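Student: Submitted below is the structure of interest, expressed as structure tokens.
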Amino acid sequence: MSRLDASGLFYTDLFAREKGLTGLVLVSDPSAHHTLMDGMDRLVLAVYEELADKRDTEHWMWGGTRILVRRLTKDALEDEIRHGEITGIIQWLAGGEVLLDQDGDLERMRESIRIWPASIKERKLLCEFSCFAKTYSLTKRYLQDGSVMDAYGHVLLCLQHWANLVLIEERKGPEPDVWQHVKRINPGVYKLYEELTANEETEEQRVRLAMLACEFSLLTKMKSSCILLLRLLGSRSDGWSAADLMHHPELSGLPIDLELLLFKLVKRGYAREVVKSVREPVSGLCEIRYTAERVG
């Protein structure tokens with residue numbers, strides 16, 4: 001590999017002529033950042049004001065080096081961070097070398113990944129809790145159907161979402177090697193993971209034990225994880241329709257199961273249903289709206 005490649009000059013020179021380019025990030029050693037891009041030697045994240053074509057992903061070869069290029073707009077990158085998921089692109093931004101940052105936006109975004117403001121933390125918690133609750137419900141259904149292997153696979157995911165919640169609560173992330181960090185921060189959750197994967201009891205017994213712990217965690221973390229949604233619910237005394245909530249700027253585009261979250265919040269007593277009469281087209285038909293006490 002040449003010095004030019006190692007220093008990043010090759011990439012800055014190569015991309016310099018591309019219209020609308022505002023930022024460039026290089027990951028020289030993908031394996032060191034757990035990006036799981038097997039077969040690629042370099043990862044390049046190119047950020048633009050606008051993308052003129054659909055070349056959002058390219059694979060290059062240069063002097064025996066395999067290079068993966070991802071192009072996206074600044075707005076798309078902001079959305080990746082806002083939605084709270086630990087994606088490969090977020091890992092690139094957090095761990096890569098910034099070669100170009102014309103407006104300082106990349107450094108600002110990197111800082112927001114390292115030190116989240118409360119608004120980002122709330123969105124991350126809501127998204128991860130939604131995944132936790134959904135996976136728990138699926139695991140419970142598989143157990144009821146006697147599908148122990150499927151239940152085992154899903155309860156592993158449950159624990160993974162629980163572990164992610166632990167890290168988000170501590171404003172840690174993105175952390176691809178979740179369990180090594182959780183082992184230090186919350187040994188109890190890590191112990192559950194160990195018992196599920198290495199305990200001498202039957203697979204079904206291990207799943208049921210883990211499910212009991214997950215159920216308790218869901219109940220205890222529900223209010224703090226759903227603080228964003230609860231605050232919105234409490235802002236209208238006459239309640240919110242499901243459609244209004246789904247299109248609210250603070251929730252729109254977030255990967256959440258809104259119906260499941262509302263059901264669990266109502267069942268737990270953190271939210272309540274407000275029935276509103278609908279005159280047309282069927283007499284007696286009512287719409288369910290949702291509200292809550294104001295949350296500070």
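In the structure tokens, each chain is lettered A, B, ... as it comes, each chain's residues begin at 1, and ligands are numbered from 1 in order of appearance.
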Leaving out region 193-206 of chain A and any residue of its chain fewer than 2 positions from it, which residues lie within 9 Å of it when counting only C-alpha atoms, given as a ChimeraX atom specification?
Tutor: /A:143,148-149,151-152,155-156,159-160,179,188-191,208-211
Student: Would you please give, as a PyMOL selection string, all residues of region 7-251 of chain A that DSSP assigns to strand (DSSP E or B) based on the backbone?
Tutor: chain A and resi 21-27+42-48+57-62+65-73+97-101+240
Student: Excluding region 91-103 of chain A and residues on its chain fewer than 6 positions from it, collect all residues at most 8 Å away from it, counting only C-alpha atoms, and give them as a list of chain:residue names.
Tutor: A:Gly8, A:Thr12, A:Thr22, A:Gly23, A:Leu24, A:Val25, A:Leu26, A:Val27, A:Ser28, A:His33, A:Thr35, A:Leu43, A:Leu45, A:Arg110, A:Ile113, A:Arg114, A:Pro174
Student: Based on the selection just made, write N, CA, C and O atoms of those residues as a compact mmCIF listing (two decimals), in the first residue's frame.
Tutor:
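Okay, selection_11.txt is ready:
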# COMPACT_ATOMS: atom_id res chain seq x y z
N GLY A 8 -4.43 9.38 3.19
CA GLY A 8 -5.75 9.85 2.81
C GLY A 8 -5.72 10.81 1.63
O GLY A 8 -6.78 11.20 1.12
N THR A 12 -8.85 12.26 -0.97
CA THR A 12 -9.24 13.66 -1.09
C THR A 12 -9.03 14.15 -2.52
O THR A 12 -9.87 14.89 -3.05
N THR A 22 -19.22 17.79 0.59
CA THR A 22 -18.96 18.63 1.77
C THR A 22 -18.14 17.91 2.83
O THR A 22 -17.55 18.54 3.70
N GLY A 23 -18.11 16.58 2.78
CA GLY A 23 -17.38 15.84 3.81
C GLY A 23 -16.90 14.49 3.31
O GLY A 23 -17.50 13.89 2.42
N LEU A 24 -15.80 14.03 3.90
CA LEU A 24 -15.22 12.75 3.51
C LEU A 24 -14.61 12.08 4.73
O LEU A 24 -13.86 12.70 5.49
N VAL A 25 -14.97 10.82 4.93
CA VAL A 25 -14.47 10.05 6.07
C VAL A 25 -13.85 8.76 5.56
O VAL A 25 -14.43 8.07 4.71
N LEU A 26 -12.67 8.42 6.09
CA LEU A 26 -11.97 7.20 5.69
C LEU A 26 -11.80 6.28 6.89
O LEU A 26 -11.35 6.70 7.96
N VAL A 27 -12.18 5.02 6.71
CA VAL A 27 -11.89 3.97 7.70
C VAL A 27 -10.82 3.08 7.08
O VAL A 27 -11.10 2.32 6.15
N SER A 28 -9.59 3.19 7.58
CA SER A 28 -8.46 2.48 6.98
C SER A 28 -8.40 1.03 7.40
O SER A 28 -7.85 0.19 6.69
N HIS A 33 -12.88 -1.41 13.80
CA HIS A 33 -14.08 -0.71 14.22
C HIS A 33 -15.31 -1.60 14.20
O HIS A 33 -16.43 -1.12 14.32
N THR A 35 -16.94 -3.04 11.91
CA THR A 35 -17.95 -2.64 10.95
C THR A 35 -18.53 -3.82 10.17
O THR A 35 -19.49 -3.66 9.43
N LEU A 43 -12.99 1.75 3.83
CA LEU A 43 -14.38 2.23 3.77
C LEU A 43 -14.34 3.74 3.63
O LEU A 43 -13.64 4.42 4.38
N LEU A 45 -16.79 7.17 3.39
CA LEU A 45 -18.10 7.80 3.53
C LEU A 45 -18.01 9.19 2.92
O LEU A 45 -17.25 10.04 3.40
N ARG A 110 -20.21 14.11 14.89
CA ARG A 110 -19.40 13.19 15.72
C ARG A 110 -19.55 13.53 17.20
O ARG A 110 -19.65 12.63 18.05
N ILE A 113 -22.76 12.24 18.54
CA ILE A 113 -22.72 10.79 18.79
C ILE A 113 -22.06 10.52 20.14
O ILE A 113 -22.50 9.67 20.90
N ARG A 114 -20.98 11.24 20.43
CA ARG A 114 -20.24 11.01 21.68
C ARG A 114 -20.99 11.57 22.90
O ARG A 114 -21.00 10.95 23.95
N PRO A 174 -21.91 4.80 19.43
CA PRO A 174 -22.34 3.46 19.07
C PRO A 174 -21.34 2.41 19.54
O PRO A 174 -20.14 2.64 19.47
Student: Would you mind listing, for every residue of region 178-286 of chain A within 8 Å of region 124-128 of chain A, the two atoms forming the shortest contact and the distance between them in Å to one decimal, using only C-alpha atoms, sorted by chain and ascending residue number, as CSV?
Tutor:
residue,atom,partner,partner_atom,distance
A:Ser225,CA,A:Leu125,CA,5.0
A:Cys226,CA,A:Leu126,CA,5.3
A:Ile227,CA,A:Leu126,CA,7.8
A:Leu228,CA,A:Leu126,CA,7.2
A:Leu229,CA,A:Leu126,CA,7.8
A:Leu254,CA,A:Cys127,CA,6.9
A:Pro255,CA,A:Cys127,CA,6.1
A:Ile256,CA,A:Cys127,CA,5.5
Student: Next, write the just-selected residues to a file, as an mmCIF file, in the first residue's frame, keeping N, CA, C and O atoms as the atom set.
Tutor:
data_model
loop_
_atom_site.group_PDB
_atom_site.id
_atom_site.type_symbol
_atom_site.label_atom_id
_atom_site.label_comp_id
_atom_site.auth_asym_id
_atom_site.auth_seq_id
_atom_site.Cartn_x
_atom_site.Cartn_y
_atom_site.Cartn_z
ATOM 1 N N SER A 225 -38.167 5.059 29.309
ATOM 2 C CA SER A 225 -37.822 4.856 27.900
ATOM 3 C C SER A 225 -38.812 5.530 26.957
ATOM 4 O O SER A 225 -38.454 5.881 25.828
ATOM 5 N N CYS A 226 -40.044 5.702 27.414
ATOM 6 C CA CYS A 226 -41.095 6.284 26.567
ATOM 7 C C CYS A 226 -41.395 7.730 26.927
ATOM 8 O O CYS A 226 -42.478 8.240 26.634
ATOM 9 N N ILE A 227 -40.448 8.405 27.559
ATOM 10 C CA ILE A 227 -40.690 9.766 28.039
ATOM 11 C C ILE A 227 -41.061 10.707 26.895
ATOM 12 O O ILE A 227 -41.905 11.599 27.069
ATOM 13 N N LEU A 228 -40.477 10.529 25.714
ATOM 14 C CA LEU A 228 -40.802 11.368 24.565
ATOM 15 C C LEU A 228 -42.266 11.200 24.169
ATOM 16 O O LEU A 228 -42.997 12.189 23.997
ATOM 17 N N LEU A 229 -42.705 9.959 24.026
ATOM 18 C CA LEU A 229 -44.086 9.684 23.643
ATOM 19 C C LEU A 229 -45.058 10.138 24.727
ATOM 20 O O LEU A 229 -46.108 10.726 24.433
ATOM 21 N N LEU A 254 -39.369 7.492 12.806
ATOM 22 C CA LEU A 254 -38.695 6.663 13.797
ATOM 23 C C LEU A 254 -39.140 5.206 13.653
ATOM 24 O O LEU A 254 -40.329 4.930 13.463
ATOM 25 N N PRO A 255 -38.222 4.253 13.769
ATOM 26 C CA PRO A 255 -38.573 2.838 13.625
ATOM 27 C C PRO A 255 -39.199 2.277 14.907
ATOM 28 O O PRO A 255 -38.567 1.535 15.658
ATOM 29 N N ILE A 256 -40.446 2.664 15.158
ATOM 30 C CA ILE A 256 -41.130 2.208 16.364
ATOM 31 C C ILE A 256 -42.446 1.526 15.995
ATOM 32 O O ILE A 256 -43.027 1.810 14.951
#
Student: As a ChimeraX atom specification, please: every residue in region 104-197 of chain A that a backbone DSSP assignment puts in alpha helix (DSSP H).
Tutor: /A:105-114,118-144,148-169,178-185,187-197
Student: Find the residues near Val69 (chain A): any atom within 8 Å, counting only C-alpha atoms, skip ones fewer than 6 places away on the same chain, and give them as a ChimeraX atom specification.
Tutor: /A:43-46,56-60
Student: Output the selection as a PDB file, in the first residue's frame - C-alpha atoms for each residue.
Tutor:
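Ended up saving to selection.pdb:
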ATOM      1  CA  LEU A  43     -14.375   2.226   3.768  1.00  0.00           C
ATOM      2  CA  VAL A  44     -15.121   5.706   2.439  1.00  0.00           C
ATOM      3  CA  LEU A  45     -18.096   7.798   3.531  1.00  0.00           C
ATOM      4  CA  ALA A  46     -18.738  10.716   1.158  1.00  0.00           C
ATOM      5  CA  ASP A  56     -24.946   5.650  -3.350  1.00  0.00           C
ATOM      6  CA  THR A  57     -22.840   2.468  -3.071  1.00  0.00           C
ATOM      7  CA  GLU A  58     -19.769   1.499  -5.091  1.00  0.00           C
ATOM      8  CA  HIS A  59     -17.057  -1.145  -4.855  1.00  0.00           C
ATOM      9  CA  TRP A  60     -13.618  -0.154  -6.139  1.00  0.00           C
TER      10      TRP A  60
END
Student: Which neighbours of Phe132 (chain A) fall inside 8 Å, counting only C-alpha atoms, when residues of the same chain fewer than 6 positions from it are skipped, and could you give them as a PDB file with C-alpha atoms, in the first residue's frame?
Tutor:
ATOM      1  CA  LEU A 157     -32.529 -10.565  20.665  1.00  0.00           C
ATOM      2  CA  CYS A 158     -34.538  -9.416  23.691  1.00  0.00           C
ATOM      3  CA  HIS A 161     -32.135  -4.814  23.047  1.00  0.00           C
ATOM      4  CA  TRP A 162     -32.038  -4.694  26.839  1.00  0.00           C
ATOM      5  CA  LEU A 218     -39.962  -3.923  30.372  1.00  0.00           C
TER       6      LEU A 218
END
Student: Of the candidates A:Thr139, A:Ser31, A:Ser235, A:Thr291, which one gets nearest to Leu212 (chain A) if we count only C-alpha atoms?
Tutor: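 Nearest to Leu212 (chain A): A:Thr139.
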Student: If I take CA of Glu80 (chain A) and CA of Tyr48 (chain A), how far is one from the other in Å, to one decimal?
Tutor: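 Spanning CA of Glu80 (chain A) to CA of Tyr48 (chain A) is a straight-line distance of 14.7 Å.
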Student: Can you tell me, as a VMD selection string, what residues are no more than 10 Å from Leu232 (chain A) when counting only C-alpha atoms, ignoring any on the same chain fewer than 4 positions away?
Tutor: chain A and resid 227 to 228 236 239 to 240 245 248 250 to 251 290 to 295
Student: CA of Asp105 (chain A) and CA of Asp29 (chain A) are how many Å apart?
Tutor: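 Interatomic distance here is 23.5 Å.
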Student: Please indicate the distance in Å from CA of Ile81 (chain A) to CA of Arg171 (chain A), rounded to one decimal place.
Tutor: 13.3 Å
